[in-house]
Structure formats: C-alpha cells, structure tokens
Amino acid sequence: MRLLRVFVVSLRGLWSYPVRTWLAVLGIAISTLLVVFLLSVLFNFKASLVGQVQSVGMQQIAVVPGKLLNSGKNIAQTSLSSLMSYTSVASTLTYKDSEDVRQQIPEVVGAAPQIETITSVRTAKKNAETMYTGTTPDYADMFSMELEEGRFFTEQEAKDGTPVIVLGQSVKQLLFADESPLGQTVTIKGIAFTVIGVFKEKQLIGFNFDERAYIGYQMVADTANLQNASMLFFKAQSPEGLEAVRQNIAKVIAKNHGGVQDFGLMAPEGALHVIDTITDLVTAIAVGITGISFLVGGLGIMNVMLLTVKERTREIGIRKAVGAKWWDILLQFLVEAMYICVLGCAIGLAGAYGLLLLLHRMFPVLSSQFPVEIVLGCLAFAAVLGLLFGILPAAKALRIKPIDALRYE
C-alpha cells in the first residue's frame, strides 16, 4: 500500500509541470524512435538478404574470377579487412571447367556456367535492353527458379544451338506487357529466337534474374563472340561436406588453369558471413551514433528533475517533518524519472513501428518484423536510464533538511 502511494504521489508531482514533462518525454521518444527504427531496418534488411540466400538452398557453390590476396582462406573464413583485399581479374573460367567438375566430382549434381553481355532484344513493335545470358538447363534448378508459363530449354536444345529463349519477368513486361509471349519471336544480334518460357519474379542479393534473357551457353558464346564464362555455379548433393566439395572443385579448375588459382569460390555460408560482417559493422555504427541522442535525452530528464527538486523543496520538507522516510523521497524521484523514460520509450516504439510499416509498404522486399528483443531491450534500457539520471536529483532531495525546507520560499 505504501509503495502504491509513492507511485501515485510521483505521478501527481510529475504532471504538476506538464510542459516541462512533455518536453523531456519528447526527447526520450525521439531517441527511441531513431535507435529502434534504425535497428529494425537493419534487422529486416539482414533477414531479407539471408532469406534470399537460403531460398536457393545451402548446397550451391559459385566460382568467380579473382581471389583473396595472400590468403589460403575461403571467403567464409575472412575478416572484413581481408574481404577488401579481394581482387577481381579478367575471367579465365570456361565451359570446360564446368563440365570437368561435373564429370570428375560425384558429389556435384548440377553445373551451370554463365556467360553474359548486355544487348538489345526486339520484337516487331518494341525493344529493350537485356542481359543476354547463356547457361545450361541446370541453371533454373540451381536457383530454385519457377516458371510463370512455358518451360526452360533442354540439354539437347542447348547443344544443338536451337534458337529458343526464356525471358525474365522484367524483360517480358517491357516487350509484351500482359500478353503471353509463348511462341512469339524476339530478335537478338540479328537472330530470331522463339520464346518458350517466362520466369516468375525472382530476387537474390547480387543477381538480377528478371532483366535477363536465357539461351543455351554456346549460342551466346558464338553470337556475342565471348570466350570465357563470367561465373560458374555448382550444386552439391547435400550441405554436409560442402567444404570438401569446394576444395575438390578448386583443384579441378586450377588444374585446367595450369595450377594457378585465379578464381574464388563462395558457398552460401560465405555469403552469409559477408552479410553478417557488414550488417554487424553498420549496426555498431548506428547504435553508437544514435545512442548519443539517448544521452542527450537523459541529461534533459536530469535537468527537469533538478528543477523539480528545487521547486518542491518546501513539499519535501513537510513530508520529512511528518515522518516520511529517506527511501520514500528517493523512490519518489526515481519513479518520476522512470515514468518519463518509459513513457517516452513507448511513444518512440509506436512511432518506429509506424515508420517500419510505411517503409515496408514503399519497399515490399523489406519485411516489417518488429523484433521482440529490440522492444524489450529498449524498455529495459529506458528504465535503467531513468534510474541513472534520477539518482542525482533524488540525492539532492535527500540532503534537504526539514527546517531549511520549511523556511524555503
């Protein structure tokens, strides 16, 4: 009962000065909004990237031109500073590398070399820029790509150089809008291709599937006069033992390149490592910068409470004179500081959630999850902040002598 009375007295005393109190609450609310909104955006951005990587499975291995300088490690084992030393070189990857890996490593169940260039694709009425991409039938399964209509080209069509093409969603919309393109003809580099399929929209970090046109590897190599693949993709039987498969792939390709490893290999855990490293760094910077606003808000609370103690000196003296204990006075002022912090935090959380929903509506690829751990952590931090910045005013109130307080005007 006594504790409840302290809470009631604290609340009544606090709102005796509404303007001053609301300004202090506003400072904490803005600080909370900034911190929670930024952390939530980073959390959802990371979750979106990780979800995209995991959506294609954890069995893929990508081979890219370039390597980590002076490092025997793979990308998943490197620090951020080491990643900065990754150097790109002109590609020496070939279709033969891809076929040799598929034939010599039993654990590899899919191989999809990729060769590409930007070019124009035309119909009788429209044209669009597209990534003219040559690959193999394993490509669609490699990235768990789904067809909106039609089919993907076959191994035989790729080997025979049959002029058939599968369009990404953006290319299809630019050329045919809502009309079905199946069976229609598009022209690339003077060659007429028959459209046999259209992919559904697909998003993955580092890849734009929707603005591509997919043809057999050799057809693109010949018509675009390209010699080397831009990347090679492989799929292992299972995620277990992926590191051993990665090392075997490196050995096969390096042998083809005269023992020189002028390429890098990245498995899904490597991509996840890069995502973790970068997002953790950005999160730390964001927390450091926005955390300063919490300090400013806390100083605002301390200022409000110090003024409150001064203006309520006579009240404190009367309470002490009629028997109030030191902990009653201490608790009163600590509770008032915590009121301000928790109320400001709640308002800030509500504002951050509203902004997150608005951002999700503008950019649907970014989810609108509101992490419970961030909410609870922020509320707990606000309570601790109230205690810390309420201690000095409370201590000042405790030092007031009843006789001096009663004479105070």
# chains A, B, ... in the order shown; residues from 1 in each chain; ligands from 1
$ residues_around --residues "A:Ile30" --least-positions-apart "4" --cutoff "10 Å" --atoms "only C-alpha atoms" --output "ChimeraX atom specification"
/A:25-26,34-36,293-294,297,344-345,347-349,351-352
$ residues_around --residues "A:Pro137" --least-positions-apart "5" --cutoff "12 Å" --atoms "only C-alpha atoms" --output "count of residues only"
24
$ residues_around --residues "A:Gln227" --least-positions-apart "4" --cutoff "12 Å" --atoms "only C-alpha atoms" --output "CSV table (one decimal) with N, CA and C atoms, in the first residue's frame"
chain,number,residue,atom,x,y,z
A,90,ALA,N,40.4,-10.5,-65.0
A,90,ALA,CA,39.7,-10.9,-66.2
A,90,ALA,C,39.4,-12.4,-66.1
A,91,SER,N,38.2,-12.8,-66.5
A,91,SER,CA,37.8,-14.2,-66.3
A,91,SER,C,38.6,-15.1,-67.2
A,92,THR,N,39.0,-16.2,-66.6
A,92,THR,CA,39.6,-17.3,-67.4
A,92,THR,C,38.8,-18.6,-67.2
A,93,LEU,N,37.6,-18.4,-66.6
A,93,LEU,CA,36.7,-19.6,-66.5
A,93,LEU,C,36.1,-20.0,-67.8
A,94,THR,N,35.9,-21.3,-68.0
A,94,THR,CA,35.4,-21.8,-69.2
A,94,THR,C,34.3,-22.8,-69.1
A,95,TYR,N,33.6,-23.1,-70.1
A,95,TYR,CA,32.6,-24.1,-70.2
A,95,TYR,C,33.2,-25.5,-69.8
A,96,LYS,N,34.5,-25.7,-70.3
A,96,LYS,CA,35.2,-26.9,-70.0
A,96,LYS,C,35.4,-27.1,-68.5
A,114,GLN,N,27.9,-19.6,-66.6
A,114,GLN,CA,27.1,-18.4,-67.1
A,114,GLN,C,28.0,-17.5,-67.9
A,115,ILE,N,27.6,-17.2,-69.1
A,115,ILE,CA,28.3,-16.2,-69.9
A,115,ILE,C,27.2,-15.2,-70.3
A,116,GLU,N,27.7,-13.9,-70.3
A,116,GLU,CA,26.6,-12.8,-70.5
A,116,GLU,C,27.2,-11.6,-71.1
A,117,THR,N,26.3,-10.8,-71.6
A,117,THR,CA,26.6,-9.5,-72.1
A,117,THR,C,25.3,-8.7,-72.2
A,134,GLY,N,23.9,-16.8,-71.4
A,134,GLY,CA,24.0,-18.2,-71.8
A,134,GLY,C,24.3,-19.1,-70.6
A,217,TYR,N,24.3,-21.9,-73.6
A,217,TYR,CA,25.6,-21.3,-73.4
A,217,TYR,C,26.3,-21.1,-74.7
A,218,GLN,N,26.4,-22.1,-75.5
A,218,GLN,CA,27.3,-22.0,-76.7
A,218,GLN,C,26.7,-21.0,-77.7
A,219,MET,N,25.4,-20.9,-77.8
A,219,MET,CA,24.7,-19.9,-78.7
A,219,MET,C,25.1,-18.5,-78.3
A,220,VAL,N,25.2,-18.2,-77.0
A,220,VAL,CA,25.6,-16.8,-76.6
A,220,VAL,C,27.0,-16.6,-76.8
A,221,ALA,N,27.9,-17.6,-76.5
A,221,ALA,CA,29.3,-17.5,-76.8
A,221,ALA,C,29.6,-17.2,-78.2
A,222,ASP,N,28.9,-17.9,-79.1
A,222,ASP,CA,29.2,-17.7,-80.6
A,222,ASP,C,28.7,-16.4,-81.1
A,223,THR,N,27.4,-16.1,-80.8
A,223,THR,CA,26.8,-14.9,-81.3
A,223,THR,C,27.4,-13.6,-80.7
$ closest_residue --among "A:Leu343, A:Asp280, A:Phe234, A:Ala62" --to "A:Ile28" --atoms "only C-alpha atoms"
A:Leu343
$ residues_around --residues "stretch 39-42 of chain A" --least-positions-apart "5" --cutoff "10 Å" --atoms "only C-alpha atoms" --output "PyMOL selection string"
chain A and resi 33-34+47-48+279-280+282-284+286-287+352-353+355-356+359-360+366-371+374-375
$ atom_distance --atom1 "atom CA of A:Ser31" --atom2 "atom CA of A:Thr290"
7.1 Å
$ closest_residue --among "A:Ala236, A:Leu174, A:Val121, A:Ile301" --to "A:Phe193" --atoms "only C-alpha atoms"
A:Val121
$ atom_distance --atom1 "atom CA of A:Pro364" --atom2 "atom CA of A:Lys172"
21.2 Å
$ closest_residue --among "A:Ala250, A:Ile275, A:Ala29, A:Ile196" --to "A:Leu379" --atoms "only C-alpha atoms"
A:Ala29
$ select_by_dssp --residues "stretch 128-296 of chain A" --states "helix (DSSP H, G or I)" --output "ChimeraX atom specification"
/A:138-142,155-160,169-176,217-223,242-256,268-296
$ residues_around --residues "A:Val198" --least-positions-apart "3" --cutoff "12 Å" --atoms "only C-alpha atoms" --output "PyMOL selection string"
chain A and resi 140+145-153+164-173+175-176+178-184+194-195+201-202+209-214
$ select_by_dssp --residues "stretch 50-279 of chain A" --states "strand (DSSP E or B)" --output "number ranges by chain"
A: 60-65, 67-68, 86-87, 108-122, 127-135, 147-150, 164-167, 185-188, 191-199, 203-204, 207-208, 212-216, 231-236, 263-266
